[in-house]
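Peer 1: Next up, start-v1.tsv (TSV, C-alpha atoms).
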chain	number	residue	atom	x	y	z
A	1010	MET	CA	-94.45	-42.58	-160.84
A	1011	ALA	CA	-93.25	-39.09	-160.04
A	1012	ALA	CA	-95.71	-38.82	-157.13
A	1013	SER	CA	-94.58	-42.22	-155.86
A	1014	ARG	CA	-90.94	-41.15	-156.01
A	1015	LEU	CA	-91.85	-37.93	-154.18
A	1016	VAL	CA	-93.47	-39.84	-151.31
A	1017	VAL	CA	-90.47	-42.18	-151.03
A	1018	ALA	CA	-88.08	-39.21	-151.13
A	1019	LEU	CA	-90.04	-37.43	-148.39
A	1020	SER	CA	-89.94	-40.57	-146.27
A	1021	ALA	CA	-86.21	-40.99	-146.84
A	1022	ARG	CA	-85.55	-37.35	-145.91
A	1023	ALA	CA	-87.65	-37.70	-142.77
A	1024	LEU	CA	-85.75	-40.87	-141.87
A	1025	ALA	CA	-82.44	-39.09	-142.44
A	1026	SER	CA	-83.52	-36.43	-139.94
A	1027	VAL	CA	-83.03	-38.88	-137.07
A	1028	ASP	CA	-79.70	-40.25	-135.93
A	1029	VAL	CA	-80.70	-43.92	-136.08
A	1030	PRO	CA	-79.57	-45.90	-139.16
A	1031	LEU	CA	-82.80	-47.42	-140.49
A	1032	THR	CA	-84.01	-48.59	-143.88
A	1033	LEU	CA	-87.40	-47.60	-145.28
A	1034	PRO	CA	-88.76	-51.17	-144.73
A	1035	GLN	CA	-87.63	-50.96	-141.09
A	1036	LEU	CA	-89.38	-47.61	-140.75
A	1037	ARG	CA	-92.49	-49.13	-142.32
A	1038	SER	CA	-92.40	-51.87	-139.67
A	1039	LEU	CA	-92.13	-49.30	-136.90
A	1040	VAL	CA	-94.99	-47.23	-138.33
A	1041	ALA	CA	-97.17	-50.37	-138.53
A	1042	LEU	CA	-96.43	-51.13	-134.88
A	1043	HIS	CA	-97.13	-47.52	-133.97
A	1044	THR	CA	-100.46	-47.60	-135.80
A	1045	CYS	CA	-101.70	-51.02	-134.73
A	1046	GLY	CA	-99.95	-51.84	-131.51
A	1047	PRO	CA	-98.44	-55.26	-130.82
A	1048	VAL	CA	-98.52	-57.66	-133.79
A	1049	LYS	CA	-97.53	-61.20	-134.39
A	1050	LEU	CA	-94.30	-61.71	-136.29
A	1051	ALA	CA	-96.19	-63.61	-139.00
A	1052	ALA	CA	-98.58	-60.68	-139.50
A	1053	MET	CA	-95.64	-58.29	-139.79
A	1054	ALA	CA	-94.01	-60.55	-142.39
A	1055	ALA	CA	-97.23	-60.66	-144.42
A	1056	THR	CA	-97.61	-56.88	-144.21
A	1057	LEU	CA	-94.08	-56.28	-145.44
A	1058	GLY	CA	-94.34	-58.99	-148.09
A	1059	VAL	CA	-91.34	-60.86	-146.73
A	1060	THR	CA	-90.72	-64.32	-145.33
A	1061	PRO	CA	-91.06	-64.85	-141.58
A	1062	SER	CA	-87.28	-65.40	-141.34
A	1063	THR	CA	-86.63	-62.03	-142.99
A	1064	ALA	CA	-89.14	-60.39	-140.63
A	1065	LEU	CA	-87.41	-62.08	-137.70
A	1066	ARG	CA	-84.01	-60.70	-138.76
A	1067	MET	CA	-85.56	-57.25	-139.04
A	1068	ALA	CA	-87.18	-57.63	-135.63
A	1069	GLU	CA	-83.82	-58.63	-134.15
A	1070	ARG	CA	-82.17	-55.57	-135.69
A	1071	LEU	CA	-84.89	-53.22	-134.41
A	1072	GLU	CA	-84.74	-54.83	-130.99
A	1073	GLY	CA	-80.96	-54.42	-130.97
A	1074	LEU	CA	-81.48	-50.71	-131.58
A	1075	GLY	CA	-83.87	-50.59	-128.61
A	1076	LEU	CA	-86.85	-49.66	-130.82
A	1077	THR	CA	-88.95	-52.81	-130.48
A	1078	ASP	CA	-89.56	-55.56	-128.01
A	1079	ARG	CA	-90.15	-59.21	-128.94
A	1080	ARG	CA	-92.04	-61.52	-126.66
A	1081	VAL	CA	-93.48	-64.98	-126.83
A	1082	ASN	CA	-97.27	-65.03	-126.91
A	1083	PRO	CA	-98.27	-66.60	-123.56
A	1084	ASP	CA	-101.31	-68.23	-125.20
A	1085	ASN	CA	-99.29	-69.80	-128.03
A	1086	ARG	CA	-95.59	-70.19	-127.30
A	1087	ARG	CA	-94.83	-70.72	-131.02
A	1088	GLU	CA	-95.82	-67.13	-131.78
A	1089	VAL	CA	-93.58	-64.11	-131.40
A	1090	VAL	CA	-95.24	-60.74	-130.79
A	1091	LEU	CA	-93.58	-57.44	-131.62
A	1092	ARG	CA	-94.26	-54.04	-130.08
A	1093	LEU	CA	-92.65	-50.63	-129.93
A	1094	THR	CA	-90.56	-49.49	-127.01
A	1095	GLY	CA	-90.77	-45.91	-125.78
A	1096	ALA	CA	-87.70	-45.07	-127.88
A	1097	GLY	CA	-89.34	-46.66	-130.93
A	1098	LYS	CA	-92.52	-44.67	-130.44
A	1099	ASP	CA	-90.53	-41.45	-130.04
A	1100	LEU	CA	-88.53	-42.14	-133.21
A	1101	VAL	CA	-91.66	-42.87	-135.28
A	1102	GLU	CA	-93.35	-39.72	-134.01
A	1103	ARG	CA	-90.28	-37.59	-134.87
A	1104	VAL	CA	-90.02	-39.07	-138.38
A	1105	LEU	CA	-93.74	-38.68	-139.04
A	1106	ARG	CA	-93.70	-35.10	-137.70
A	1107	HIS	CA	-90.81	-34.27	-140.04
A	1108	ARG	CA	-92.56	-35.87	-143.03
A	1109	ARG	CA	-95.83	-34.04	-142.26
A	1110	ALA	CA	-93.97	-30.72	-142.05
A	1111	GLU	CA	-92.33	-31.30	-145.43
A	1112	ILE	CA	-95.67	-32.26	-147.00
A	1113	ARG	CA	-97.32	-29.20	-145.43
A	1114	ASN	CA	-94.57	-26.98	-146.90
A	1115	LEU	CA	-95.10	-28.48	-150.35
A	1116	VAL	CA	-98.89	-28.13	-150.18
A	1117	GLU	CA	-98.62	-24.52	-149.02
A	1118	ARG	CA	-96.63	-23.75	-152.18
A	1119	LEU	CA	-99.59	-24.76	-154.34
A	1120	PRO	CA	-102.08	-22.14	-155.56
A	1121	ALA	CA	-105.28	-22.16	-153.47
A	1122	LEU	CA	-107.39	-23.73	-156.25
A	1123	GLN	CA	-104.99	-26.65	-156.69
A	1124	ARG	CA	-104.68	-27.06	-152.93
A	1125	ALA	CA	-108.48	-27.25	-152.59
A	1126	GLY	CA	-108.63	-30.07	-155.14
A	1127	LEU	CA	-105.79	-32.07	-153.63
A	1128	VAL	CA	-107.60	-33.60	-150.65
A	1129	PRO	CA	-110.64	-34.90	-152.58
A	1130	ALA	CA	-108.37	-36.27	-155.32
A	1131	LEU	CA	-106.10	-38.09	-152.88
A	1132	THR	CA	-109.08	-39.36	-150.89
A	1133	ALA	CA	-110.62	-40.78	-154.08
A	1134	LEU	CA	-107.32	-42.38	-155.04
A	1135	THR	CA	-106.94	-43.94	-151.60
A	1136	GLU	CA	-110.51	-45.29	-151.68
A	1137	ALA	CA	-109.96	-46.74	-155.16
A	1138	ALA	CA	-106.87	-48.55	-153.92
A	1139	ALA	CA	-108.39	-49.79	-150.65
A	1140	ASP	CA	-108.43	-53.42	-151.76
A	1141	LEU	CA	-104.74	-53.20	-152.75
A	1142	ASP	CA	-103.50	-52.10	-149.32
A	1143	PRO	CA	-101.50	-54.95	-147.75
A	1144	GLY	CA	-100.87	-52.87	-144.64
A	1145	LEU	CA	-101.97	-53.52	-141.10
A	1146	THR	CA	-105.31	-51.78	-140.88
A	1147	PRO	CA	-106.77	-52.16	-137.41
A	1148	THR	CA	-110.36	-51.74	-138.55
A	1149	THR	CA	-110.47	-54.58	-141.06
A	1150	GLU	CA	-111.50	-58.15	-140.51
A	1151	ALA	CA	-108.16	-59.19	-142.01
A	1152	GLY	CA	-106.43	-57.27	-139.23
A	1153	ARG	CA	-108.58	-59.00	-136.67
A	1154	LEU	CA	-107.69	-62.41	-138.08
A	1155	ALA	CA	-103.99	-61.52	-138.29
A	1156	GLY	CA	-103.99	-60.72	-134.58
A	1157	VAL	CA	-103.30	-57.00	-134.88
A	1158	LEU	CA	-106.33	-55.72	-132.99
A	1159	ASP	CA	-106.10	-57.60	-129.75
A	1160	ASP	CA	-102.95	-57.35	-127.68
A	1161	PRO	CA	-101.77	-60.98	-127.71
A	1162	LEU	CA	-99.62	-60.28	-124.66
A	1163	ASN	CA	-102.60	-58.99	-122.72
A	1164	PRO	CA	-105.65	-60.83	-124.02
A	1165	ALA	CA	-109.06	-59.52	-123.03
A	1166	PRO	CA	-111.04	-61.85	-120.75
Show this structure as structure tokens.

Peer 2:
Amino acid sequence: MAASRLVVALSARALASVDVPLTLPQLRSLVALHTCGPVKLAAMAATLGVTPSTALRMAERLEGLGLTDRRVNPDNRREVVLRLTGAGKDLVERVLRHRRAEIRNLVERLPALQRAGLVPALTALTEAAADLDPGLTPTTEAGRLAGVLDDPLNPAP
């Protein structure tokens, strides 16, 4: 639990480093869009574990801040597709850069032997939890089915 609280605290501090008032779930949405590109609103809702109406309210808030863009899928007018704007991409990159720097500073404070064991341990933990990850992973079949791989606004011929 302490490690989990540390990661959340680092994310909150990184988020506080920018002058845009966002919640951690909103940041998570932006990071998912940054990682996977345009996604359907329903896929975003499933990723965040919220209802589509909650995801829509979040999308409206992020769009109001100029961080995302919502469009109707031209192939299925009932679907809404979200994507980052340039300002959204810049914000995510700044927050992630800040978080990486804080993590790097923490890791550098560890003795060399502990630092050497950290990467294999975290890699093993991540692999053990792979089936628990509800996130948008662009390389999985689930991501393909959720519409996160192909750009629904620019479908391939």

Peer 1: Would you mind telling me which residue in A:Glu1072, A:Arg1066, A:Leu1091, A:Val1081 lies nearest to Pro1047 of chain A when using all atoms listed in the file?

Peer 2: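 Once distances to Pro1047 of chain A are computed over all atoms listed in the file, the minimum belongs to A:Leu1091.
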
Peer 1: Identify which of the residues A:Ala1021, A:His1043, A:Ser1038, A:Met1010 lies closest to Glu1102 of chain A, counting only C-alpha atoms when measuring atom-to-atom distances.

Peer 2: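 Checking each candidate against Glu1102 of chain A, we get A:His1043 as the closest.
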
Peer 1: Which residue gives the smallest distance to Ala1052 of chain A among A:Leu1131, A:Val1029, A:Ala1012, A:Val1090, with only C-alpha atoms counted?

Peer 2: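 Checking each candidate against Ala1052 of chain A, we get A:Val1090 as the closest.
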
Peer 1: As an exercise, work out the distance from atom CA of Arg1108 of chain A to atom CA of Leu1019 of chain A in Å and give it to one decimal place.

Peer 2: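 Straight-line distance from atom CA of Arg1108 of chain A to atom CA of Leu1019 of chain A works out to 6.1 Å.
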
Peer 1: Which residue gives the smallest distance to Ala1096 of chain A among A:Gly1073, A:Pro1083, A:Gly1126, A:Gly1058, with only C-alpha atoms counted?

Peer 2: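 Under the stated criterion, the closest residue is A:Gly1073.
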
Peer 1: Which is closer to Leu1024 of chain A than all the others in A:Arg1092, A:Arg1070, A:Arg1087, A:Arg1106, using all atoms listed in the file?

Peer 2: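 The closest residue to Leu1024 of chain A is A:Arg1106.
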
Peer 1: Rank A:Leu1031, A:Leu1039, A:Ala1121, A:Ala1011 by their smallest atom-to-atom distance to Leu1105 of chain A, using all atoms listed in the file, and report the top residue only.

Peer 2: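 Checking each of A:Leu1031, A:Leu1039, A:Ala1121, A:Ala1011 against Leu1105 of chain A, counting all atoms listed in the file, the winner is A:Leu1039.
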
Peer 1: In Å, with one decimal, what is the gap from atom CA of Ser1013 of chain A to atom CA of Val1059 of chain A?

Peer 2: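 Distance between the two atoms: 21.0 Å.
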
Peer 1: Would you compute the distance between atom CA of Thr1132 of chain A and atom CA of Leu1115 of chain A? Give it in Å to one decimal.

Peer 2: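 Going from atom CA of Thr1132 of chain A over to atom CA of Leu1115 of chain A, I get 17.7 Å.
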
Peer 1: Please write as a VMD selection string the list of polymer residues whose atoms come within 12 Å of (-87.8, -49.0, -142.1), counting all atoms listed in the file and keeping to the coordinates of the file.

Peer 2: chain A and resid 1017 1020 to 1021 1023 to 1025 1029 to 1042 1057 1064 1067 to 1068 1070 to 1071 1076 1097 1100 to 1101 1104
